[in-house]
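Data file: coords-v2.cif. Format and content: mmCIF, C-alpha atoms.
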```cif
data_structure
#
loop_
_atom_site.group_PDB
_atom_site.id
_atom_site.type_symbol
_atom_site.label_atom_id
_atom_site.label_comp_id
_atom_site.auth_asym_id
_atom_site.auth_seq_id
_atom_site.Cartn_x
_atom_site.Cartn_y
_atom_site.Cartn_z
ATOM 1 C CA MET A 1 23.355 116.610 179.299
ATOM 2 C CA ASP A 2 21.587 114.546 176.651
ATOM 3 C CA VAL A 3 24.524 113.798 174.368
ATOM 4 C CA GLN A 4 22.330 112.173 171.730
ATOM 5 C CA LEU A 5 20.042 115.210 171.526
ATOM 6 C CA PHE A 6 23.056 117.506 171.350
ATOM 7 C CA THR A 7 24.521 115.475 168.479
ATOM 8 C CA ASP A 8 21.240 115.145 166.592
ATOM 9 C CA SER A 9 20.432 118.858 166.789
ATOM 10 C CA PHE A 10 23.899 120.175 165.988
ATOM 11 C CA TRP A 11 23.784 119.753 162.210
ATOM 12 C CA PRO A 12 20.271 121.248 161.814
ATOM 13 C CA LEU A 13 21.487 124.319 163.707
ATOM 14 C CA VAL A 14 24.609 124.604 161.571
ATOM 15 C CA LEU A 15 22.527 124.119 158.433
ATOM 16 C CA GLY A 16 20.122 126.804 159.600
ATOM 17 C CA GLY A 17 23.087 129.129 159.998
ATOM 18 C CA LEU A 18 24.565 128.313 156.602
ATOM 19 C CA THR A 19 21.293 128.559 154.688
ATOM 20 C CA GLY A 20 19.602 131.291 156.720
ATOM 21 C CA THR A 21 21.849 133.345 158.979
ATOM 22 C CA ILE A 22 24.875 133.793 156.702
ATOM 23 C CA PRO A 23 22.927 134.575 153.477
ATOM 24 C CA LEU A 24 20.745 137.020 155.402
ATOM 25 C CA ALA A 25 23.785 138.734 156.896
ATOM 26 C CA LEU A 26 25.676 138.837 153.585
ATOM 27 C CA SER A 27 22.791 140.268 151.549
ATOM 28 C CA SER A 28 21.930 142.838 154.217
ATOM 29 C CA PHE A 29 25.551 143.863 154.640
ATOM 30 C CA ALA A 30 26.103 144.278 150.892
ATOM 31 C CA ILE A 31 23.017 146.464 150.481
ATOM 32 C CA GLY A 32 23.853 148.323 153.672
ATOM 33 C CA LEU A 33 27.352 149.155 152.433
ATOM 34 C CA VAL A 34 25.975 150.715 149.243
ATOM 35 C CA LEU A 35 23.522 152.713 151.324
ATOM 36 C CA ALA A 36 26.269 153.661 153.787
ATOM 37 C CA LEU A 37 28.478 155.034 151.019
ATOM 38 C CA GLY A 38 25.641 157.229 149.795
ATOM 39 C CA VAL A 39 24.869 158.464 153.298
ATOM 40 C CA ALA A 40 28.562 159.138 153.961
ATOM 41 C CA MET A 41 28.671 161.273 150.813
ATOM 42 C CA LEU A 42 25.642 163.198 152.090
ATOM 43 C CA ARG A 43 27.354 163.721 155.437
ATOM 44 C CA LEU A 44 30.427 165.102 153.654
ATOM 45 C CA SER A 45 28.433 167.274 151.282
ATOM 46 C CA ALA A 46 29.006 171.030 151.361
ATOM 47 C CA HIS A 47 25.289 171.518 150.753
ATOM 48 C CA PRO A 48 23.679 172.051 154.202
ATOM 49 C CA VAL A 49 20.378 170.376 153.305
ATOM 50 C CA LEU A 50 22.072 167.207 152.017
ATOM 51 C CA ALA A 51 24.367 167.121 155.037
ATOM 52 C CA TRP A 52 21.349 167.476 157.332
ATOM 53 C CA VAL A 53 19.555 164.587 155.598
ATOM 54 C CA GLY A 54 22.599 162.394 156.158
ATOM 55 C CA ARG A 55 22.876 163.390 159.827
ATOM 56 C CA ALA A 56 19.151 162.826 160.397
ATOM 57 C CA TYR A 57 19.294 159.340 158.919
ATOM 58 C CA VAL A 58 22.320 158.320 160.969
ATOM 59 C CA SER A 59 20.783 159.790 164.127
ATOM 60 C CA ALA A 60 17.483 157.950 163.575
ATOM 61 C CA ILE A 61 19.166 154.592 162.945
ATOM 62 C CA ARG A 62 21.701 154.841 165.755
ATOM 63 C CA GLY A 63 19.144 156.247 168.189
ATOM 64 C CA THR A 64 16.531 153.479 167.865
ATOM 65 C CA PRO A 65 16.773 149.740 168.659
ATOM 66 C CA LEU A 66 17.180 147.347 165.741
ATOM 67 C CA LEU A 67 14.260 145.288 167.047
ATOM 68 C CA VAL A 68 11.970 148.321 166.850
ATOM 69 C CA GLN A 69 13.131 149.029 163.299
ATOM 70 C CA LEU A 70 12.408 145.422 162.339
ATOM 71 C CA PHE A 71 8.929 145.520 163.871
ATOM 72 C CA VAL A 72 8.081 148.849 162.235
ATOM 73 C CA ILE A 73 8.863 147.391 158.815
ATOM 74 C CA PHE A 74 7.179 144.019 159.279
ATOM 75 C CA TYR A 75 4.233 144.870 161.544
ATOM 76 C CA GLY A 76 3.888 148.622 161.044
ATOM 77 C CA LEU A 77 3.982 149.083 157.266
ATOM 78 C CA PRO A 78 0.949 146.813 156.614
ATOM 79 C CA SER A 79 -1.199 149.479 158.319
ATOM 80 C CA LEU A 80 -0.170 151.748 155.426
ATOM 81 C CA GLY A 81 -1.077 149.105 152.885
ATOM 82 C CA LEU A 82 2.491 147.908 152.363
ATOM 83 C CA THR A 83 2.968 144.272 153.346
ATOM 84 C CA ILE A 84 6.443 142.754 153.049
ATOM 85 C CA ASP A 85 7.262 139.071 153.531
ATOM 86 C CA PRO A 86 9.440 138.080 156.509
ATOM 87 C CA TRP A 87 12.723 137.556 154.641
ATOM 88 C CA PRO A 88 12.617 140.845 152.654
ATOM 89 C CA SER A 89 11.494 142.673 155.801
ATOM 90 C CA ALA A 90 14.547 141.387 157.648
ATOM 91 C CA VAL A 91 16.853 142.352 154.755
ATOM 92 C CA VAL A 92 15.385 145.869 154.623
ATOM 93 C CA ALA A 93 15.653 146.378 158.382
ATOM 94 C CA PHE A 94 19.194 145.029 158.667
ATOM 95 C CA SER A 95 20.352 146.930 155.566
ATOM 96 C CA LEU A 96 19.013 150.215 156.907
ATOM 97 C CA ASN A 97 20.674 149.532 160.239
ATOM 98 C CA VAL A 98 24.026 148.677 158.664
ATOM 99 C CA GLY A 99 23.734 151.780 156.497
ATOM 100 C CA GLY A 100 23.432 154.014 159.540
ATOM 101 C CA TYR A 101 26.425 152.567 161.375
ATOM 102 C CA ALA A 102 28.698 151.868 158.413
ATOM 103 C CA ALA A 103 28.121 155.383 157.039
ATOM 104 C CA GLU A 104 30.017 156.851 159.979
ATOM 105 C CA VAL A 105 32.826 154.334 159.509
ATOM 106 C CA ILE A 106 33.161 155.205 155.814
ATOM 107 C CA ARG A 107 32.940 158.937 156.507
ATOM 108 C CA ALA A 108 35.697 158.718 159.115
ATOM 109 C CA ALA A 109 37.827 156.622 156.764
ATOM 110 C CA ILE A 110 37.466 159.186 153.963
ATOM 111 C CA LEU A 111 38.352 162.009 156.327
ATOM 112 C CA SER A 112 41.448 160.098 157.442
ATOM 113 C CA VAL A 113 42.933 160.307 153.940
ATOM 114 C CA PRO A 114 45.341 163.300 153.847
ATOM 115 C CA THR A 115 44.062 166.399 152.063
ATOM 116 C CA GLY A 116 47.126 166.277 149.846
ATOM 117 C CA GLN A 117 45.679 163.206 148.128
ATOM 118 C CA TRP A 118 42.731 165.286 146.913
ATOM 119 C CA GLU A 119 45.080 168.017 145.753
ATOM 120 C CA ALA A 120 47.234 165.509 143.898
ATOM 121 C CA GLY A 121 44.205 164.303 141.976
ATOM 122 C CA TYR A 122 43.217 167.823 141.039
ATOM 123 C CA VAL A 123 46.765 168.634 139.900
ATOM 124 C CA VAL A 124 46.733 165.811 137.319
ATOM 125 C CA GLY A 125 43.365 167.000 136.003
ATOM 126 C CA MET A 126 40.980 164.636 137.775
ATOM 127 C CA SER A 127 37.498 165.761 138.722
ATOM 128 C CA ARG A 128 36.295 165.481 142.317
ATOM 129 C CA HIS A 129 34.270 162.370 141.472
ATOM 130 C CA ARG A 130 37.198 160.698 139.701
ATOM 131 C CA THR A 131 39.616 161.630 142.483
ATOM 132 C CA LEU A 132 37.227 160.137 145.007
ATOM 133 C CA ARG A 133 36.815 156.916 143.031
ATOM 134 C CA ARG A 134 40.421 156.380 141.944
ATOM 135 C CA ILE A 135 42.452 157.778 144.843
ATOM 136 C CA ILE A 136 40.440 158.437 148.009
ATOM 137 C CA LEU A 137 38.098 155.432 148.272
ATOM 138 C CA PRO A 138 40.814 152.765 147.758
ATOM 139 C CA GLN A 139 42.807 154.261 150.639
ATOM 140 C CA ALA A 140 39.713 154.715 152.787
ATOM 141 C CA ALA A 141 38.677 151.104 152.118
ATOM 142 C CA ARG A 142 41.888 149.809 153.691
ATOM 143 C CA VAL A 143 41.295 151.924 156.794
ATOM 144 C CA SER A 144 37.648 150.914 157.120
ATOM 145 C CA VAL A 145 38.141 147.137 156.842
ATOM 146 C CA PRO A 146 38.575 146.427 160.597
ATOM 147 C CA PRO A 147 35.514 148.376 161.825
ATOM 148 C CA LEU A 148 33.359 147.195 158.919
ATOM 149 C CA SER A 149 34.388 143.602 159.615
ATOM 150 C CA ASN A 150 33.302 144.056 163.216
ATOM 151 C CA THR A 151 29.997 145.453 161.972
ATOM 152 C CA PHE A 152 29.455 142.342 159.853
ATOM 153 C CA ILE A 153 30.258 139.989 162.718
ATOM 154 C CA SER A 154 27.791 141.888 164.930
ATOM 155 C CA LEU A 155 25.208 141.626 162.149
ATOM 156 C CA VAL A 156 25.598 137.846 162.050
ATOM 157 C CA LYS A 157 24.582 137.739 165.719
ATOM 158 C CA ASP A 158 21.822 140.340 165.266
ATOM 159 C CA THR A 159 20.136 138.213 162.595
ATOM 160 C CA SER A 160 18.767 136.127 165.477
ATOM 161 C CA LEU A 161 16.154 138.901 165.851
ATOM 162 C CA ALA A 162 14.707 137.820 162.498
ATOM 163 C CA SER A 163 13.322 134.739 164.252
ATOM 164 C CA LEU A 164 10.753 137.052 165.860
ATOM 165 C CA ILE A 165 9.160 137.631 162.446
ATOM 166 C CA LEU A 166 9.359 133.920 161.559
ATOM 167 C CA VAL A 167 12.428 134.040 159.323
ATOM 168 C CA THR A 168 14.011 130.597 159.194
ATOM 169 C CA GLU A 169 17.595 130.946 160.368
ATOM 170 C CA LEU A 170 19.833 129.519 163.068
ATOM 171 C CA PHE A 171 17.961 130.756 166.126
ATOM 172 C CA ARG A 172 14.563 129.961 164.609
ATOM 173 C CA GLU A 173 15.739 126.393 164.141
ATOM 174 C CA ALA A 174 16.826 126.361 167.783
ATOM 175 C CA GLN A 175 13.410 127.599 168.891
ATOM 176 C CA GLU A 176 11.618 124.883 166.950
ATOM 177 C CA ILE A 177 13.898 122.110 168.230
ATOM 178 C CA ALA A 178 13.651 123.381 171.818
ATOM 179 C CA ALA A 179 9.858 123.541 171.627
ATOM 180 C CA PHE A 180 9.728 119.961 170.300
ATOM 181 C CA THR A 181 12.216 118.466 172.765
ATOM 182 C CA ASN A 182 11.349 120.735 175.716
ATOM 183 C CA ASP A 183 15.066 120.988 176.523
ATOM 184 C CA PHE A 184 15.521 124.746 176.189
ATOM 185 C CA LEU A 185 18.782 125.059 178.133
ATOM 186 C CA LEU A 186 20.633 122.495 176.032
ATOM 187 C CA ILE A 187 19.379 123.683 172.645
ATOM 188 C CA TYR A 188 19.845 127.398 173.297
ATOM 189 C CA THR A 189 23.322 126.748 174.702
ATOM 190 C CA GLU A 190 24.100 124.738 171.589
ATOM 191 C CA ALA A 191 22.823 127.604 169.411
ATOM 192 C CA ALA A 192 25.163 129.962 171.273
ATOM 193 C CA ILE A 193 28.055 127.597 170.557
ATOM 194 C CA VAL A 194 27.219 127.539 166.841
ATOM 195 C CA TYR A 195 27.074 131.353 166.754
ATOM 196 C CA TRP A 196 30.424 131.425 168.524
ATOM 197 C CA ILE A 197 31.940 129.053 165.949
ATOM 198 C CA PHE A 198 30.663 131.185 163.067
ATOM 199 C CA CYS A 199 31.994 134.383 164.616
ATOM 200 C CA THR A 200 35.343 132.770 165.397
ATOM 201 C CA VAL A 201 35.750 131.718 161.766
ATOM 202 C CA LEU A 202 34.779 135.192 160.584
ATOM 203 C CA SER A 203 37.203 136.799 163.044
ATOM 204 C CA PHE A 204 39.982 134.587 161.709
ATOM 205 C CA GLY A 205 39.137 135.677 158.167
ATOM 206 C CA GLN A 206 39.140 139.298 159.301
ATOM 207 C CA SER A 207 42.612 138.918 160.803
ATOM 208 C CA ARG A 208 43.945 137.345 157.604
ATOM 209 C CA LEU A 209 42.471 140.147 155.514
ATOM 210 C CA GLU A 210 43.939 142.833 157.752
ATOM 211 C CA ARG A 211 47.401 141.253 157.566
ATOM 212 C CA LYS A 212 47.063 141.091 153.788
ATOM 213 C CA LEU A 213 46.175 144.766 153.562
ATOM 214 C CA GLU A 214 49.033 145.744 155.875
ATOM 215 C CA GLN A 215 51.471 144.594 153.182
ATOM 216 C CA TYR A 216 50.433 147.602 151.097
ATOM 217 C CA VAL A 217 50.816 150.186 153.860
#
```
Representation of the structure as structure tokens:
Amino acid sequence: MDVQLFTDSFWPLVLGGLTGTIPLALSSFAIGLVLALGVAMLRLSAHPVLAWVGRAYVSAIRGTPLLVQLFVIFYGLPSLGLTIDPWPSAVVAFSLNVGGYAAEVIRAAILSVPTGQWEAGYVVGMSRHRTLRRIILPQAARVSVPPLSNTFISLVKDTSLASLILVTELFREAQEIAAFTNDFLLIYTEAAIVYWIFCTVLSFGQSRLERKLEQYV
């Protein structure tokens, strides 16, 4: 192994992760969560048409590869006259994908809250919307933290697909360094190590958050 090359390329890969991968994952996850909450509400709606729209969206997202979704947005939409730059295209694709998966997590978390909690809100004069916001969602949020955290960690790794549409992030940096040095095994292995370090740190944060929330159970 070329120790000097490994050392010289390590910080550029970490920097690519900190300035590209993590911001891309955070922005996509935040937008995706908002979308997921809306879709979850559609899935729980008593109106059959709204419930069908929610099911169709989740089915389409979960039933198609993320790479295909990314290519449809970046390469497919220009044929309709809608051209989106690489970074926004990646954010849109990842947000839509997170929305489809996280919607089911949020829906299951809401359903896990006992029915009596709804009834308690109604008894004190709260509307359905207020009961949902003040009573149901805070309890559902605690339940949904572990699976949503796993979704975010998976998203951090999935952002490597953005390199295929020329978004500068961790794996794109690895591709450029590997092409310049012609040492693909070393650089790609090093990129895997950096991803592993990021995910390990995030997993540690997830564990701390879960232990914190358990104090209120």
Inset, instruction - Rounded to one decimal place, report the atom CA of A:Thr159-atom CA of A:Trp11 distance in Å. - result: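 These atoms are spaced 18.8 Å apart.
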Inset, instruction - Please evaluate the PyMOL selection byres ((chain A and resi 17) around 12) against the structure above and give the resulting residues as number ranges by chain. - result: A: 10-16, 18-26, 156-157, 159-160, 167-174, 191-199
Inset, instruction - Just the residues within 8 Å of stretch 111-123 of chain A, please, counting all atoms listed in the file, with nothing from its chain fewer than 6 positions along; format it as a list in words. - result: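 Residues near the query, excluding close chain neighbours: Thr131, Leu132, Ile135, Ile136, Gln139 and Ala140 of chain A.
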Legend entry - Selection dump of the PyMOL selection byres ((chain A and resi 89) around 12), as a PyMOL selection string: chain A and resi 24+28+67+69-78+82-88+90-96+159+161-167
Legend entry - Interatomic distance (Å, one decimal) between atom CA of A:Gly32 and atom CA of A:Pro65: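 Atom CA of A:Gly32 sits 16.6 Å away from atom CA of A:Pro65.
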Legend entry - Among listed residues A:Tyr188, A:Phe180, A:Tyr101, A:Tyr57, nearest A:Leu33 (using all atoms listed in the file):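 Result for the nearest residue to A:Leu33: A:Tyr101.
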Any chance you could build stretch 106-117 of chain A out to all heavy atoms and write it as a PDB file, in the frame of the given file?
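Output saved as result17.pdb:
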```pdb
ATOM      1  N   ILE A 106      32.652 154.788 157.124  1.00  0.00           N
ATOM      2  CA  ILE A 106      33.161 155.205 155.814  1.00  0.00           C
ATOM      3  C   ILE A 106      33.509 156.686 155.814  1.00  0.00           C
ATOM      4  O   ILE A 106      34.531 157.107 155.266  1.00  0.00           O
ATOM      5  CB  ILE A 106      32.121 154.878 154.724  1.00  0.00           C
ATOM      6  CG1 ILE A 106      31.937 153.361 154.610  1.00  0.00           C
ATOM      7  CG2 ILE A 106      32.540 155.466 153.384  1.00  0.00           C
ATOM      8  CD1 ILE A 106      30.848 152.932 153.663  1.00  0.00           C
ATOM      9  N   ARG A 107      32.661 157.497 156.444  1.00  0.00           N
ATOM     10  CA  ARG A 107      32.940 158.937 156.507  1.00  0.00           C
ATOM     11  C   ARG A 107      34.253 159.206 157.233  1.00  0.00           C
ATOM     12  O   ARG A 107      35.090 160.003 156.772  1.00  0.00           O
ATOM     13  CB  ARG A 107      31.797 159.662 157.221  1.00  0.00           C
ATOM     14  CG  ARG A 107      31.951 161.175 157.277  1.00  0.00           C
ATOM     15  CD  ARG A 107      30.765 161.814 157.983  1.00  0.00           C
ATOM     16  NE  ARG A 107      30.781 161.546 159.402  1.00  0.00           N
ATOM     17  CZ  ARG A 107      31.376 162.330 160.312  1.00  0.00           C
ATOM     18  NH1 ARG A 107      32.012 163.430 159.928  1.00  0.00           N
ATOM     19  NH2 ARG A 107      31.348 162.026 161.589  1.00  0.00           N
ATOM     20  N   ALA A 108      34.456 158.528 158.362  1.00  0.00           N
ATOM     21  CA  ALA A 108      35.697 158.718 159.115  1.00  0.00           C
ATOM     22  C   ALA A 108      36.903 158.232 158.313  1.00  0.00           C
ATOM     23  O   ALA A 108      37.976 158.846 158.357  1.00  0.00           O
ATOM     24  CB  ALA A 108      35.616 157.974 160.442  1.00  0.00           C
ATOM     25  N   ALA A 109      36.724 157.141 157.563  1.00  0.00           N
ATOM     26  CA  ALA A 109      37.827 156.622 156.764  1.00  0.00           C
ATOM     27  C   ALA A 109      38.196 157.597 155.651  1.00  0.00           C
ATOM     28  O   ALA A 109      39.384 157.797 155.359  1.00  0.00           O
ATOM     29  CB  ALA A 109      37.450 155.262 156.171  1.00  0.00           C
ATOM     30  N   ILE A 110      37.195 158.202 155.017  1.00  0.00           N
ATOM     31  CA  ILE A 110      37.466 159.186 153.963  1.00  0.00           C
ATOM     32  C   ILE A 110      38.177 160.403 154.542  1.00  0.00           C
ATOM     33  O   ILE A 110      39.126 160.932 153.954  1.00  0.00           O
ATOM     34  CB  ILE A 110      36.153 159.596 153.262  1.00  0.00           C
ATOM     35  CG1 ILE A 110      35.600 158.411 152.455  1.00  0.00           C
ATOM     36  CG2 ILE A 110      36.368 160.790 152.336  1.00  0.00           C
ATOM     37  CD1 ILE A 110      34.240 158.668 151.842  1.00  0.00           C
ATOM     38  N   LEU A 111      37.726 160.846 155.702  1.00  0.00           N
ATOM     39  CA  LEU A 111      38.352 162.009 156.327  1.00  0.00           C
ATOM     40  C   LEU A 111      39.779 161.721 156.782  1.00  0.00           C
ATOM     41  O   LEU A 111      40.574 162.644 156.951  1.00  0.00           O
ATOM     42  CB  LEU A 111      37.508 162.472 157.522  1.00  0.00           C
ATOM     43  CG  LEU A 111      36.142 163.091 157.183  1.00  0.00           C
ATOM     44  CD1 LEU A 111      35.369 163.394 158.457  1.00  0.00           C
ATOM     45  CD2 LEU A 111      36.312 164.353 156.350  1.00  0.00           C
ATOM     46  N   SER A 112      40.102 160.450 156.989  1.00  0.00           N
ATOM     47  CA  SER A 112      41.448 160.098 157.442  1.00  0.00           C
ATOM     48  C   SER A 112      42.474 160.177 156.318  1.00  0.00           C
ATOM     49  O   SER A 112      43.682 160.203 156.590  1.00  0.00           O
ATOM     50  CB  SER A 112      41.451 158.683 158.032  1.00  0.00           C
ATOM     51  OG  SER A 112      41.275 157.703 157.019  1.00  0.00           O
ATOM     52  N   VAL A 113      42.008 160.200 155.069  1.00  0.00           N
ATOM     53  CA  VAL A 113      42.933 160.307 153.940  1.00  0.00           C
ATOM     54  C   VAL A 113      43.462 161.747 153.894  1.00  0.00           C
ATOM     55  O   VAL A 113      42.672 162.699 153.911  1.00  0.00           O
ATOM     56  CB  VAL A 113      42.229 159.958 152.612  1.00  0.00           C
ATOM     57  CG1 VAL A 113      43.190 160.127 151.439  1.00  0.00           C
ATOM     58  CG2 VAL A 113      41.694 158.529 152.666  1.00  0.00           C
ATOM     59  N   PRO A 114      44.769 161.940 153.836  1.00  0.00           N
ATOM     60  CA  PRO A 114      45.341 163.300 153.847  1.00  0.00           C
ATOM     61  C   PRO A 114      44.765 164.179 152.732  1.00  0.00           C
ATOM     62  O   PRO A 114      44.508 163.702 151.625  1.00  0.00           O
ATOM     63  CB  PRO A 114      46.836 163.055 153.645  1.00  0.00           C
ATOM     64  CG  PRO A 114      47.060 161.666 154.147  1.00  0.00           C
ATOM     65  CD  PRO A 114      45.816 160.909 153.821  1.00  0.00           C
ATOM     66  N   THR A 115      44.596 165.451 153.039  1.00  0.00           N
ATOM     67  CA  THR A 115      44.062 166.399 152.063  1.00  0.00           C
ATOM     68  C   THR A 115      44.930 166.472 150.816  1.00  0.00           C
ATOM     69  O   THR A 115      44.439 166.724 149.707  1.00  0.00           O
ATOM     70  CB  THR A 115      43.956 167.799 152.699  1.00  0.00           C
ATOM     71  OG1 THR A 115      43.208 167.715 153.913  1.00  0.00           O
ATOM     72  CG2 THR A 115      43.261 168.767 151.763  1.00  0.00           C
ATOM     73  N   GLY A 116      46.212 166.240 150.977  1.00  0.00           N
ATOM     74  CA  GLY A 116      47.126 166.277 149.846  1.00  0.00           C
ATOM     75  C   GLY A 116      46.778 165.280 148.756  1.00  0.00           C
ATOM     76  O   GLY A 116      47.110 165.489 147.586  1.00  0.00           O
ATOM     77  N   GLN A 117      46.092 164.193 149.125  1.00  0.00           N
ATOM     78  CA  GLN A 117      45.679 163.206 148.128  1.00  0.00           C
ATOM     79  C   GLN A 117      44.619 163.788 147.189  1.00  0.00           C
ATOM     80  O   GLN A 117      44.609 163.515 145.987  1.00  0.00           O
ATOM     81  CB  GLN A 117      45.147 161.953 148.823  1.00  0.00           C
ATOM     82  CG  GLN A 117      46.166 161.234 149.681  1.00  0.00           C
ATOM     83  CD  GLN A 117      47.291 160.645 148.864  1.00  0.00           C
ATOM     84  OE1 GLN A 117      47.069 159.978 147.860  1.00  0.00           O
ATOM     85  NE2 GLN A 117      48.517 160.912 149.278  1.00  0.00           N
TER      86      GLN A 117
END
```
